[in-house]
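Participant: Okay, so here is structure00.txt, and as you'll see once you scroll down, it has compact mmCIF, C-alpha atoms and all ligand atoms.
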```
# COMPACT_ATOMS: atom_id res chain seq x y z
CA MET A 208 0.00 0.00 0.00
CA ILE A 209 1.30 3.47 -0.88
CA PRO A 210 0.42 5.46 2.25
CA PHE A 211 -1.19 8.86 2.03
CA ASN A 212 1.30 10.58 4.30
CA LYS A 213 4.64 10.01 6.01
CA PRO A 214 6.13 12.70 8.26
CA PRO A 215 9.48 14.02 6.99
CA ILE A 216 12.72 13.10 8.78
CA THR A 217 15.91 15.06 8.18
CA GLY A 218 18.31 12.89 10.22
CA GLN A 219 19.20 15.51 12.85
CA GLU A 220 16.11 15.09 15.03
CA LEU A 221 17.49 12.40 17.39
CA GLU A 222 20.71 14.30 17.99
CA TYR A 223 18.85 17.42 19.10
CA ILE A 224 16.36 15.45 21.18
CA LYS A 225 19.27 13.67 22.88
CA ASP A 226 20.79 17.08 23.60
CA VAL A 227 17.54 18.15 25.29
CA ILE A 228 17.43 15.00 27.41
CA GLU A 229 21.04 15.40 28.50
CA SER A 230 20.54 19.07 29.30
CA GLY A 231 17.91 18.19 31.90
CA HIS A 232 15.70 21.01 30.59
CA LEU A 233 12.61 19.37 29.11
CA CYS A 234 9.90 21.96 29.68
CA GLY A 235 9.14 24.80 27.29
CA ASP A 236 10.99 27.95 26.31
CA GLY A 237 14.52 26.56 26.46
CA LYS A 238 17.31 26.70 23.90
CA TYR A 239 15.50 24.97 21.03
CA THR A 240 12.30 26.96 21.41
CA LYS A 241 14.44 30.09 21.24
CA PHE A 242 16.21 28.82 18.11
CA CYS A 243 12.83 28.15 16.48
CA HIS A 244 11.52 31.60 17.42
CA GLU A 245 14.61 33.25 15.94
CA TRP A 246 14.41 31.14 12.81
CA LEU A 247 10.74 32.01 12.27
CA GLU A 248 11.29 35.72 12.89
CA GLU A 249 14.30 35.90 10.56
CA ASN A 250 12.81 33.82 7.79
CA THR A 251 9.21 35.02 7.71
CA GLY A 252 9.69 38.64 8.75
CA THR A 253 7.07 38.51 11.51
CA LYS A 254 7.60 40.83 14.49
CA LYS A 255 7.28 38.00 17.01
CA ALA A 256 6.88 34.24 16.71
CA LEU A 257 5.76 32.06 19.60
CA LEU A 258 5.76 28.28 19.42
CA THR A 259 2.54 26.69 20.62
CA THR A 260 1.39 23.16 21.33
CA SER A 261 -0.66 23.20 18.10
CA CYS A 262 -2.10 25.49 15.47
CA THR A 263 -5.43 24.93 17.22
CA HIS A 264 -3.93 26.52 20.32
CA ALA A 265 -2.36 29.35 18.31
CA LEU A 266 -5.86 30.12 16.98
CA GLU A 267 -7.27 29.98 20.54
CA MET A 268 -4.58 32.43 21.62
CA ALA A 269 -5.60 34.72 18.76
CA ALA A 270 -9.23 34.67 19.92
CA LEU A 271 -8.14 35.51 23.49
CA LEU A 272 -5.83 38.29 22.30
CA LEU A 273 -8.59 39.88 20.24
CA ASP A 274 -10.95 39.77 23.24
CA ILE A 275 -13.67 37.94 21.39
CA GLN A 276 -16.91 38.17 23.37
CA PRO A 277 -20.20 36.26 23.19
CA GLY A 278 -22.19 37.53 20.23
CA ASP A 279 -19.19 38.73 18.22
CA GLU A 280 -19.13 37.55 14.63
CA VAL A 281 -16.18 36.00 12.87
CA ILE A 282 -16.02 35.56 9.10
CA MET A 283 -14.33 32.49 7.62
CA PRO A 284 -14.82 29.85 4.91
CA SER A 285 -16.87 26.76 5.69
CA TYR A 286 -14.33 24.69 3.76
CA THR A 287 -11.71 24.41 6.53
CA PHE A 288 -10.58 22.35 9.50
CA VAL A 289 -12.72 22.51 12.66
CA SER A 290 -10.10 24.39 14.69
CA THR A 291 -10.49 27.54 12.60
CA ALA A 292 -14.04 27.86 13.94
CA ASN A 293 -13.69 26.20 17.35
CA ALA A 294 -11.12 28.70 18.59
CA PHE A 295 -13.65 31.53 18.25
CA VAL A 296 -16.74 29.52 19.25
CA LEU A 297 -14.98 28.77 22.55
CA ARG A 298 -15.11 32.53 23.27
CA GLY A 299 -18.83 32.64 22.41
CA ALA A 300 -18.53 33.96 18.87
CA LYS A 301 -20.96 33.25 16.08
CA ILE A 302 -19.33 32.04 12.89
CA VAL A 303 -20.36 33.55 9.58
CA PHE A 304 -19.32 31.23 6.79
CA VAL A 305 -18.57 32.71 3.39
CA ASP A 306 -18.46 30.71 0.16
CA ILE A 307 -15.17 29.69 -1.47
CA ARG A 308 -13.65 30.33 -4.88
CA PRO A 309 -13.76 27.15 -6.94
CA ASP A 310 -10.28 27.77 -8.39
CA THR A 311 -8.32 27.86 -5.10
CA MET A 312 -10.87 26.56 -2.56
CA ASN A 313 -10.07 29.72 -0.56
CA ILE A 314 -12.60 32.19 0.84
CA ASP A 315 -14.10 34.29 -1.96
CA GLU A 316 -12.80 37.75 -1.13
CA LYS A 317 -15.53 39.31 -3.26
CA LEU A 318 -18.19 37.99 -0.87
CA VAL A 319 -16.52 39.03 2.37
CA GLU A 320 -17.70 42.63 2.60
CA ALA A 321 -21.36 41.66 2.24
CA ALA A 322 -20.97 39.41 5.31
CA VAL A 323 -19.74 42.23 7.56
CA THR A 324 -22.23 43.48 10.18
CA GLU A 325 -21.94 45.72 13.25
CA LYS A 326 -21.01 42.65 15.26
CA THR A 327 -18.15 41.50 13.03
CA LYS A 328 -14.78 41.49 14.79
CA VAL A 329 -12.47 39.27 12.75
CA ILE A 330 -11.91 37.84 9.28
CA VAL A 331 -10.07 34.51 9.17
CA PRO A 332 -8.72 33.68 5.72
CA VAL A 333 -7.51 30.06 5.45
CA HIS A 334 -4.70 29.50 2.95
CA TYR A 335 -5.84 26.14 1.63
CA ALA A 336 -3.07 23.84 0.38
CA GLY A 337 -0.52 26.59 0.99
CA VAL A 338 -2.02 28.79 -1.72
CA GLY A 339 -2.57 32.35 -0.56
CA CYS A 340 -5.99 34.00 -0.26
CA GLU A 341 -6.50 37.35 -2.02
CA MET A 342 -5.00 39.20 0.95
CA ASP A 343 -4.87 42.74 -0.46
CA THR A 344 -8.64 42.78 -0.85
CA ILE A 345 -9.21 41.17 2.55
CA MET A 346 -6.88 43.60 4.37
CA GLU A 347 -8.58 46.52 2.66
CA ILE A 348 -12.03 45.40 3.78
CA ALA A 349 -10.71 44.86 7.33
CA GLN A 350 -9.24 48.34 7.39
CA ARG A 351 -12.40 49.94 6.09
CA HIS A 352 -14.54 48.28 8.78
CA ASN A 353 -12.01 48.31 11.60
CA LEU A 354 -11.70 44.51 11.79
CA PHE A 355 -8.83 42.22 12.69
CA VAL A 356 -7.42 39.61 10.33
CA VAL A 357 -6.12 36.27 11.63
CA GLU A 358 -4.52 34.18 8.90
CA ASP A 359 -4.99 30.46 9.37
CA ALA A 360 -1.69 29.59 7.67
CA ALA A 361 -1.62 26.10 9.22
CA GLN A 362 -0.69 24.75 5.79
CA GLY A 363 1.21 27.81 4.63
CA LEU A 364 4.79 27.93 5.91
CA MET A 365 7.22 28.88 3.08
CA ALA A 366 4.41 29.95 0.75
CA LYS A 367 4.01 33.55 -0.39
CA TYR A 368 1.43 36.06 -1.54
CA LYS A 369 2.90 38.98 -3.53
CA GLY A 370 6.32 38.25 -2.05
CA LYS A 371 5.10 38.15 1.56
CA MET A 372 5.18 34.98 3.63
CA LEU A 373 1.73 33.63 4.42
CA GLY A 374 0.95 34.22 8.08
CA THR A 375 2.73 37.58 8.17
CA ILE A 376 0.11 39.73 6.41
CA GLY A 377 -2.81 39.81 8.89
CA HIS A 378 -2.60 41.18 12.46
CA LEU A 379 -1.96 37.61 13.61
CA GLY A 380 -1.06 34.40 11.78
CA THR A 381 -0.88 30.75 12.76
CA TYR A 382 1.20 27.76 11.58
CA SER A 383 0.82 24.05 12.25
CA PHE A 384 3.63 21.53 12.70
CA HIS A 385 1.27 18.56 12.98
CA GLU A 386 2.78 15.44 11.41
CA THR A 387 0.53 15.80 8.35
CA LYS A 388 1.97 19.22 7.45
CA ASN A 389 5.11 20.00 5.40
CA PHE A 390 7.42 20.64 8.37
CA VAL A 391 6.57 18.92 11.60
CA SER A 392 7.16 18.41 15.30
CA GLY A 393 4.51 15.74 15.98
CA GLU A 394 1.94 18.09 17.43
CA GLY A 395 2.89 21.75 17.34
CA GLY A 396 2.23 25.18 15.99
CA ALA A 397 3.19 28.82 16.14
CA LEU A 398 1.50 32.17 16.58
CA LEU A 399 2.90 34.98 14.47
CA ILE A 400 2.33 38.43 15.91
CA ASN A 401 2.57 40.95 13.11
CA ASP A 402 1.02 43.79 15.12
CA GLU A 403 3.34 44.75 17.98
CA ARG A 404 0.47 45.79 20.24
CA PHE A 405 -0.23 42.12 20.93
CA ILE A 406 3.27 40.91 21.81
CA GLU A 407 3.35 41.51 25.55
CA ARG A 408 -0.08 40.07 26.24
CA ALA A 409 0.55 37.08 23.96
CA GLU A 410 3.54 36.04 26.07
CA ILE A 411 1.39 36.26 29.19
CA ILE A 412 -1.58 34.32 27.77
CA ARG A 413 0.78 31.58 26.56
CA GLU A 414 2.38 31.23 30.02
CA LYS A 415 -0.78 30.49 32.01
CA GLY A 416 -1.60 34.17 32.35
CA THR A 417 1.67 34.97 34.12
CA ASN A 418 4.55 37.29 33.25
CA ARG A 419 7.05 34.44 33.56
CA SER A 420 8.70 35.33 30.22
CA GLN A 421 9.52 38.81 31.54
CA PHE A 422 10.81 37.24 34.77
CA PHE A 423 13.20 34.97 32.85
CA ARG A 424 14.50 37.96 30.92
CA GLY A 425 15.15 39.76 34.22
CA GLN A 426 12.56 42.48 33.49
CA VAL A 427 10.60 41.84 36.70
CA ASP A 428 11.81 40.35 40.00
CA LYS A 429 8.95 37.89 40.50
CA TYR A 430 6.28 36.47 38.31
CA THR A 431 2.59 36.71 39.10
CA TRP A 432 -0.87 36.06 37.70
CA GLN A 433 -1.54 38.95 35.31
CA ASP A 434 -4.35 37.93 32.99
CA ILE A 435 -6.38 34.97 31.76
CA GLY A 436 -4.28 32.39 29.96
CA SER A 437 -3.43 28.75 29.59
CA SER A 438 -0.49 26.45 28.90
CA TYR A 439 0.20 26.92 25.22
CA LEU A 440 3.95 26.30 25.09
CA PRO A 441 5.41 23.04 23.76
CA SER A 442 8.09 20.94 25.43
CA GLU A 443 11.71 21.35 24.34
CA LEU A 444 11.54 17.80 22.95
CA ASN A 445 9.07 18.99 20.32
CA ALA A 446 11.02 22.18 19.67
CA ALA A 447 14.20 20.13 19.10
CA TYR A 448 12.46 17.98 16.50
CA LEU A 449 11.10 21.08 14.81
CA TYR A 450 14.45 22.85 14.79
CA ALA A 451 16.00 19.94 12.89
CA GLN A 452 13.28 20.37 10.28
CA LEU A 453 13.68 24.14 10.03
CA LEU A 454 17.42 23.83 9.40
CA GLN A 455 16.71 21.61 6.38
CA ILE A 456 13.66 23.49 5.21
CA LYS A 457 15.02 24.53 1.80
CA GLN A 458 15.60 20.93 0.77
CA LEU A 459 12.29 19.72 2.23
CA HIS A 460 10.43 22.56 0.51
CA GLN A 461 12.08 22.05 -2.90
CA ASN A 462 11.60 18.32 -2.73
CA ARG A 463 7.91 18.71 -2.03
CA LEU A 464 7.47 21.20 -4.87
CA ASN A 465 9.25 18.81 -7.25
CA LYS A 466 6.84 16.02 -6.33
CA TRP A 467 3.85 18.34 -6.72
CA ASN A 468 5.15 19.34 -10.18
CA THR A 469 5.63 15.70 -11.18
CA TYR A 470 1.95 15.07 -10.46
CA ASN A 471 0.88 18.25 -12.18
CA ASN A 472 2.84 17.60 -15.37
CA GLY A 473 1.96 13.91 -15.46
CA LEU A 474 -1.78 14.47 -15.07
CA LYS A 475 -2.11 17.46 -17.40
CA SER A 476 -3.22 15.51 -20.42
CA ILE A 477 -5.76 13.28 -18.68
CA ARG A 478 -9.32 14.21 -19.52
CA ASN A 479 -11.96 14.27 -16.75
CA ILE A 480 -9.46 15.29 -14.08
CA GLU A 481 -9.21 18.89 -12.96
CA LEU A 482 -5.92 20.10 -11.55
CA PRO A 483 -5.26 22.71 -8.86
CA GLN A 484 -4.90 26.33 -9.97
CA ILE A 485 -2.34 28.71 -8.55
CA PRO A 486 -3.04 32.45 -8.94
CA GLU A 487 -0.18 34.51 -10.35
CA GLU A 488 0.36 36.45 -7.10
CA CYS A 489 0.97 33.22 -5.18
CA LYS A 490 4.00 31.03 -4.66
CA HIS A 491 2.62 27.87 -3.08
CA ASN A 492 4.46 25.28 -1.00
CA GLY A 493 3.11 22.05 -2.48
CA HIS A 494 1.29 21.18 0.73
CA ILE A 495 -1.53 19.24 -0.94
CA PHE A 496 -1.84 17.69 -4.34
CA TYR A 497 -5.54 17.36 -5.08
CA ILE A 498 -7.55 16.58 -8.17
CA LYS A 499 -11.22 17.14 -8.81
CA VAL A 500 -13.55 14.72 -10.54
CA LYS A 501 -17.10 15.12 -11.76
CA ASP A 502 -19.09 14.63 -8.56
CA LEU A 503 -19.42 12.76 -5.27
CA ASN A 504 -20.23 9.41 -6.90
CA GLU A 505 -17.24 9.66 -9.16
CA ARG A 506 -15.03 10.49 -6.21
CA THR A 507 -16.25 7.54 -4.16
CA SER A 508 -15.57 5.22 -7.03
CA LEU A 509 -12.10 6.68 -7.69
CA ILE A 510 -11.02 6.37 -4.04
CA LYS A 511 -12.24 2.75 -4.08
CA PHE A 512 -10.35 2.03 -7.31
CA LEU A 513 -7.14 3.54 -5.91
CA LYS A 514 -7.51 1.51 -2.72
CA GLU A 515 -7.90 -1.68 -4.75
CA ASN A 516 -4.68 -0.68 -6.47
CA GLU A 517 -2.93 -0.21 -3.13
CA ILE A 518 -2.94 3.58 -3.22
CA GLN A 519 -4.30 5.43 -0.22
CA SER A 520 -6.11 8.65 -1.11
CA THR A 521 -8.39 10.82 1.02
CA PHE A 522 -10.85 13.67 0.88
CA HIS A 523 -11.77 16.59 3.13
CA TYR A 524 -13.38 18.73 4.50
CA VAL A 525 -17.00 18.04 5.31
CA PRO A 526 -18.05 21.71 5.15
CA LEU A 527 -18.40 23.10 8.65
CA HIS A 528 -21.73 24.83 7.98
CA SER A 529 -23.44 21.48 7.38
CA SER A 530 -21.77 19.67 10.31
CA PRO A 531 -23.70 19.23 13.58
CA ALA A 532 -21.68 21.85 15.47
CA GLY A 533 -21.60 24.16 12.47
CA LEU A 534 -25.39 24.20 12.30
CA LYS A 535 -25.41 25.24 15.94
CA TYR A 536 -22.63 27.84 15.95
CA GLY A 537 -22.55 29.11 12.43
CA ASN A 538 -24.43 30.53 9.55
CA LEU A 539 -23.66 30.14 5.87
CA ILE A 540 -24.50 33.01 3.64
CA ASN A 541 -24.54 31.19 0.34
CA ASP A 542 -23.30 27.85 -0.92
CA GLU A 543 -22.76 28.04 -4.60
CA HIS A 544 -19.39 26.29 -4.49
CA THR A 545 -18.47 25.03 -1.00
CA THR A 546 -20.47 21.78 -0.95
CA LYS A 547 -20.14 21.07 -4.65
CA GLU A 548 -16.39 21.55 -4.83
CA SER A 549 -15.57 19.79 -1.56
CA ASN A 550 -17.60 16.78 -2.71
CA ARG A 551 -15.46 16.22 -5.78
CA LEU A 552 -11.98 16.77 -4.37
CA VAL A 553 -9.50 13.89 -3.86
CA ARG A 554 -6.10 14.25 -2.18
CA LEU A 555 -3.29 12.10 -3.54
CA PRO A 556 -0.31 10.79 -1.51
CA LEU A 557 2.39 13.42 -1.06
CA TYR A 558 5.42 13.23 1.20
CA ASN A 559 9.14 13.65 1.21
CA ASP A 560 10.33 10.19 0.13
CA LEU A 561 7.37 9.27 -2.08
CA ASN A 562 8.90 7.72 -5.19
CA LYS A 563 5.90 6.09 -6.83
CA ILE A 564 4.21 9.10 -8.38
CA GLN A 565 4.52 7.73 -11.92
CA GLU A 566 2.79 4.55 -10.80
CA ILE A 567 -0.06 6.60 -9.31
CA ILE A 568 -0.33 8.65 -12.52
CA ASN A 569 -0.50 5.44 -14.57
CA ARG A 570 -3.32 4.13 -12.40
CA LEU A 571 -5.26 7.34 -12.75
CA GLU A 572 -4.84 7.20 -16.52
CA LYS A 573 -6.17 3.67 -16.52
CA TYR A 574 -9.13 4.68 -14.37
CA CYS A 575 -10.01 7.54 -16.69
CA ARG A 576 -9.81 5.25 -19.74
CA GLY A 577 -12.39 3.13 -17.92
CA GLU A 578 -10.14 0.08 -17.58
C1 LIG B 1 -3.95 21.35 10.37
C2 LIG B 1 -4.83 22.52 10.41
C3 LIG B 1 -5.21 23.13 11.61
C4 LIG B 1 -4.91 22.54 12.96
O1 LIG B 1 -3.55 22.35 13.22
P1 LIG B 1 -3.10 21.56 14.52
O2 LIG B 1 -1.64 21.92 14.63
O3 LIG B 1 -3.31 20.11 14.25
O4 LIG B 1 -3.88 22.05 15.67
C5 LIG B 1 -5.97 24.28 11.56
N1 LIG B 1 -6.35 24.81 10.40
C6 LIG B 1 -6.02 24.26 9.22
C7 LIG B 1 -6.46 24.91 7.95
C8 LIG B 1 -5.26 23.08 9.19
O5 LIG B 1 -4.95 22.53 8.02
```
Spell out the structure here as structure tokens.
Ligand SMILES: *Cc1c(COP(=O)(O)O)cnc(C)c1O
Facilitator:
Amino acid sequence: MIPFNKPPITGQELEYIKDVIESGHLCGDGKYTKFCHEWLEENTGTKKALLTTSCTHALEMAALLLDIQPGDEVIMPSYTFVSTANAFVLRGAKIVFVDIRPDTMNIDEKLVEAAVTEKTKVIVPVHYAGVGCEMDTIMEIAQRHNLFVVEDAAQGLMAKYKGKMLGTIGHLGTYSFHETKNFVSGEGGALLINDERFIERAEIIREKGTNRSQFFRGQVDKYTWQDIGSSYLPSELNAAYLYAQLLQIKQLHQNRLNKWNTYNNGLKSIRNIELPQIPEECKHNGHIFYIKVKDLNERTSLIKFLKENEIQSTFHYVPLHSSPAGLKYGNLINDEHTTKESNRLVRLPLYNDLNKIQEIINRLEKYCRGE
């Protein structure tokens, strides 16, 4: 069976993890966390990066930082992972789902402004598959209506929109290092703070509501409970794994793009398969290689065919607006594309040492010839 995903390994992970164990400093915010923060700040251009235990938690931190209150409205696509919505629902927000663009599966920026009401606080663009949303338009709308923008860039590290790293354009941005993403630490994430006003409070929220970070820097002589907060910092063991990945990121990134391009070139000439589209302003990171087929029935039959041929493929997302919790906490404005497009999308295996892409392409050709 060709698996759908395998987490990347660079070879340095064990060495750094061993270093952590021998140092006797296992909890968060040690040497490796600091290395990762510096790497992220230097390489993305964000004002402040903070590692978190997951992207889910980075999103929760964003909702706390923006003081989301019951009744506030948050605009996002319905075609996304549950955490994008959960983080704000936990603060009592109502989610307003906006339709997606069929070309990128990203929120349709042209529909965002019509969804803004007096209660709107935040817009959350999700950069699906590491392809940037139309951020200029979204930032303009946010500015006009005095809203915050939190980029869910869980899938977006190393990808760019008009030369800017995804995650660094909105007031806040979030990354995921979950083992299914391009660069991993097992479970992990980061909050990018692009608006300096949020830096001090973000450190406090992440450290259980205390000013422990200031204490460690010698800025205060004791640390105390300052604000609401939780434990959002990862162990050094996770940071060490991540640092090994960040040091090899150019190779990992190029390798992934090469594999994505192999699929894209190999499938170009097959009729009945639609390929992903990348807008000119975007440099993607090859996070997902997906194809689209005619409809839900066709997709079910293709996934079954691939499985019979020992190829594991998957689909996602069940749109949030039609999920049990989505019906309760959200509201979809219109659904011209979300359900239709999500129903016909298939994700193909993609990972660092995948070397059977030609075989997968051959199978797909066979399937489309009806053999
Ligand atoms: C993976 C993912 C998340 C959640 O990331 P975790 O690190 O697993 O919490 C959130 N949003 C999107 C769009 C994702 O793809």
Participant: Step by step, measure atom-to-atom distances between ligand LIG 1 (chain B) and each residue using only C-alpha atoms and all ligand atoms, keep those at most 10 Å, then write them as a VMD selection string.
Facilitator: chain A and resid 259 to 267 286 to 294 332 to 337 358 to 363 381 to 388 391 to 397 494 524
Participant: For those residues, write C-alpha atoms to a file as a CSV table (one decimal), keeping the file's coordinate frame.
Facilitator:
```
chain,number,residue,atom,x,y,z
A,259,THR,CA,2.5,26.7,20.6
A,260,THR,CA,1.4,23.2,21.3
A,261,SER,CA,-0.7,23.2,18.1
A,262,CYS,CA,-2.1,25.5,15.5
A,263,THR,CA,-5.4,24.9,17.2
A,264,HIS,CA,-3.9,26.5,20.3
A,265,ALA,CA,-2.4,29.4,18.3
A,266,LEU,CA,-5.9,30.1,17.0
A,267,GLU,CA,-7.3,30.0,20.5
A,286,TYR,CA,-14.3,24.7,3.8
A,287,THR,CA,-11.7,24.4,6.5
A,288,PHE,CA,-10.6,22.4,9.5
A,289,VAL,CA,-12.7,22.5,12.7
A,290,SER,CA,-10.1,24.4,14.7
A,291,THR,CA,-10.5,27.5,12.6
A,292,ALA,CA,-14.0,27.9,13.9
A,293,ASN,CA,-13.7,26.2,17.4
A,294,ALA,CA,-11.1,28.7,18.6
A,332,PRO,CA,-8.7,33.7,5.7
A,333,VAL,CA,-7.5,30.1,5.4
A,334,HIS,CA,-4.7,29.5,3.0
A,335,TYR,CA,-5.8,26.1,1.6
A,336,ALA,CA,-3.1,23.8,0.4
A,337,GLY,CA,-0.5,26.6,1.0
A,358,GLU,CA,-4.5,34.2,8.9
A,359,ASP,CA,-5.0,30.5,9.4
A,360,ALA,CA,-1.7,29.6,7.7
A,361,ALA,CA,-1.6,26.1,9.2
A,362,GLN,CA,-0.7,24.8,5.8
A,363,GLY,CA,1.2,27.8,4.6
A,381,THR,CA,-0.9,30.8,12.8
A,382,TYR,CA,1.2,27.8,11.6
A,383,SER,CA,0.8,24.0,12.2
A,384,PHE,CA,3.6,21.5,12.7
A,385,HIS,CA,1.3,18.6,13.0
A,386,GLU,CA,2.8,15.4,11.4
A,387,THR,CA,0.5,15.8,8.4
A,388,LYS,CA,2.0,19.2,7.4
A,391,VAL,CA,6.6,18.9,11.6
A,392,SER,CA,7.2,18.4,15.3
A,393,GLY,CA,4.5,15.7,16.0
A,394,GLU,CA,1.9,18.1,17.4
A,395,GLY,CA,2.9,21.8,17.3
A,396,GLY,CA,2.2,25.2,16.0
A,397,ALA,CA,3.2,28.8,16.1
A,494,HIS,CA,1.3,21.2,0.7
A,524,TYR,CA,-13.4,18.7,4.5
```
Participant: I'd like the contact shell of stretch 501-504 of chain A - 6 Å cut-off, all atoms listed in the file, skipping same-chain residues fewer than 2 positions apart - returned as a PyMOL selection string.
Facilitator: chain A and resi 506-507+550-551
Participant: Just checking: using all atoms listed in the file, which residue out of A:Ala270, A:Ile307, A:Val227, A:Val296 ends up closest to A:Ala532?
Facilitator: A:Val296
Participant: For A:Leu318, find every residue with an atom within 8 Å (counting only C-alpha atoms), except residues of its own chain fewer than 3 positions away, and show them as a list in words.
Facilitator: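 Returned residues: Val305, Asp306, Asp315, Ala321 and Ala322 of chain A.
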Participant: Have a look at A:Gly231, A:Gly577, A:Gly278, A:Gly377 and name the one nearest to A:Thr324; count all atoms listed in the file.
Facilitator: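 Result for the nearest residue to A:Thr324: A:Gly278.
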Participant: Nearest residue to A:Met312 out of A:Ser549, A:Asn445, A:Gln565, A:Asn538, using all atoms listed in the file?
Facilitator: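 Comparing A:Ser549, A:Asn445, A:Gln565, A:Asn538 against A:Met312, the winner is A:Ser549.
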Participant: So how many Å separate atom CA of A:Asn562 and atom CA of A:Asn472, to one decimal?
Facilitator: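 Atom CA of A:Asn472 lies at a distance of 15.4 Å from atom CA of A:Asn562.
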Participant: Kindly give the distance, in Å, that separates atom CA of A:Val500 and atom CA of A:Pro486, rounded to a single decimal.
Facilitator: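 Value for the atom CA of A:Val500-atom CA of A:Pro486 distance: 20.7 Å.
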Participant: From the set A:Asn212, A:Thr327, A:Ser520, A:Ser438, which residue has the shortest atom-to-atom contact distance to A:Leu354, counting only C-alpha atoms?
Facilitator: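 Under the stated criterion, the closest residue is A:Thr327.
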Participant: When you count all atoms listed in the file, which of these residues is closest to A:Lys317: A:Trp432, A:Val338, A:Pro441, A:Ile345?
Facilitator: A:Ile345
Participant: One decimal, in Å: what's the spacing between atom CA of A:Asp274 and atom CA of A:Phe422?
Facilitator: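 Computing the Euclidean distance for atom CA of A:Asp274 and atom CA of A:Phe422 yields 24.8 Å.
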Participant: Nearest to A:Gln519 among A:Gly416, A:Pro215, A:Pro556, A:Pro277, with distances taken over only C-alpha atoms: which residue is it?
Facilitator: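 Result for the nearest residue to A:Gln519: A:Pro556.
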Participant: Around (-19.3, 32.5, 28.3), as given in the file, which residues come within 12 Å? Count all atoms listed in the file and list them as a ChimeraX atom specification.
Facilitator: /A:275-279,295-300
Participant: Counting all atoms listed in the file, find the residues whose atoms lie at most 12 Å from (8.3, 36.8, 32.1) (file coordinates) and write them out as a ChimeraX atom specification.
Facilitator: /A:236,407-433
Participant: For A:Gly252, list every protein, DNA or RNA residue within 12 Å, evaluated using only C-alpha atoms, and leave out those in the same chain fewer than 2 positions away; present the list as number ranges by chain.
Facilitator: A: 244-250, 254-256, 365, 367, 370-376, 380, 399-402
Participant: Find the residues around A:Glu316 up to 8 Å (only C-alpha atoms counted), leave out those fewer than 3 positions away in its own chain, and share them as a list in words.
Facilitator: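 After dropping sequence-adjacent residues, the list is Val319, Glu320, Cys340, Glu341, Thr344 and Ile345 of chain A.
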Participant: Take stretch 449-487 of chain A from the preceding structure and save C-alpha atoms as a PDB file, in the first residue's frame.
Facilitator:
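The resulting file, decode_12.pdb, is reproduced below:
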```
ATOM      1  CA  LEU A 449      11.097  21.080  14.811  1.00  0.00           C
ATOM      2  CA  TYR A 450      14.455  22.851  14.790  1.00  0.00           C
ATOM      3  CA  ALA A 451      16.002  19.940  12.889  1.00  0.00           C
ATOM      4  CA  GLN A 452      13.282  20.371  10.278  1.00  0.00           C
ATOM      5  CA  LEU A 453      13.677  24.144  10.029  1.00  0.00           C
ATOM      6  CA  LEU A 454      17.423  23.830   9.402  1.00  0.00           C
ATOM      7  CA  GLN A 455      16.709  21.606   6.375  1.00  0.00           C
ATOM      8  CA  ILE A 456      13.660  23.494   5.214  1.00  0.00           C
ATOM      9  CA  LYS A 457      15.019  24.532   1.801  1.00  0.00           C
ATOM     10  CA  GLN A 458      15.601  20.925   0.769  1.00  0.00           C
ATOM     11  CA  LEU A 459      12.289  19.717   2.226  1.00  0.00           C
ATOM     12  CA  HIS A 460      10.435  22.557   0.509  1.00  0.00           C
ATOM     13  CA  GLN A 461      12.083  22.053  -2.904  1.00  0.00           C
ATOM     14  CA  ASN A 462      11.604  18.320  -2.730  1.00  0.00           C
ATOM     15  CA  ARG A 463       7.909  18.714  -2.028  1.00  0.00           C
ATOM     16  CA  LEU A 464       7.467  21.197  -4.872  1.00  0.00           C
ATOM     17  CA  ASN A 465       9.247  18.806  -7.248  1.00  0.00           C
ATOM     18  CA  LYS A 466       6.844  16.022  -6.330  1.00  0.00           C
ATOM     19  CA  TRP A 467       3.849  18.340  -6.721  1.00  0.00           C
ATOM     20  CA  ASN A 468       5.146  19.340 -10.180  1.00  0.00           C
ATOM     21  CA  THR A 469       5.631  15.704 -11.177  1.00  0.00           C
ATOM     22  CA  TYR A 470       1.954  15.067 -10.461  1.00  0.00           C
ATOM     23  CA  ASN A 471       0.875  18.247 -12.176  1.00  0.00           C
ATOM     24  CA  ASN A 472       2.840  17.599 -15.374  1.00  0.00           C
ATOM     25  CA  GLY A 473       1.958  13.914 -15.461  1.00  0.00           C
ATOM     26  CA  LEU A 474      -1.784  14.469 -15.069  1.00  0.00           C
ATOM     27  CA  LYS A 475      -2.112  17.462 -17.402  1.00  0.00           C
ATOM     28  CA  SER A 476      -3.216  15.513 -20.417  1.00  0.00           C
ATOM     29  CA  ILE A 477      -5.763  13.278 -18.680  1.00  0.00           C
ATOM     30  CA  ARG A 478      -9.315  14.212 -19.524  1.00  0.00           C
ATOM     31  CA  ASN A 479     -11.963  14.271 -16.753  1.00  0.00           C
ATOM     32  CA  ILE A 480      -9.464  15.287 -14.077  1.00  0.00           C
ATOM     33  CA  GLU A 481      -9.215  18.887 -12.955  1.00  0.00           C
ATOM     34  CA  LEU A 482      -5.921  20.101 -11.555  1.00  0.00           C
ATOM     35  CA  PRO A 483      -5.265  22.711  -8.862  1.00  0.00           C
ATOM     36  CA  GLN A 484      -4.903  26.326  -9.971  1.00  0.00           C
ATOM     37  CA  ILE A 485      -2.339  28.710  -8.548  1.00  0.00           C
ATOM     38  CA  PRO A 486      -3.037  32.452  -8.937  1.00  0.00           C
ATOM     39  CA  GLU A 487      -0.183  34.509 -10.349  1.00  0.00           C
TER      40      GLU A 487
END
```
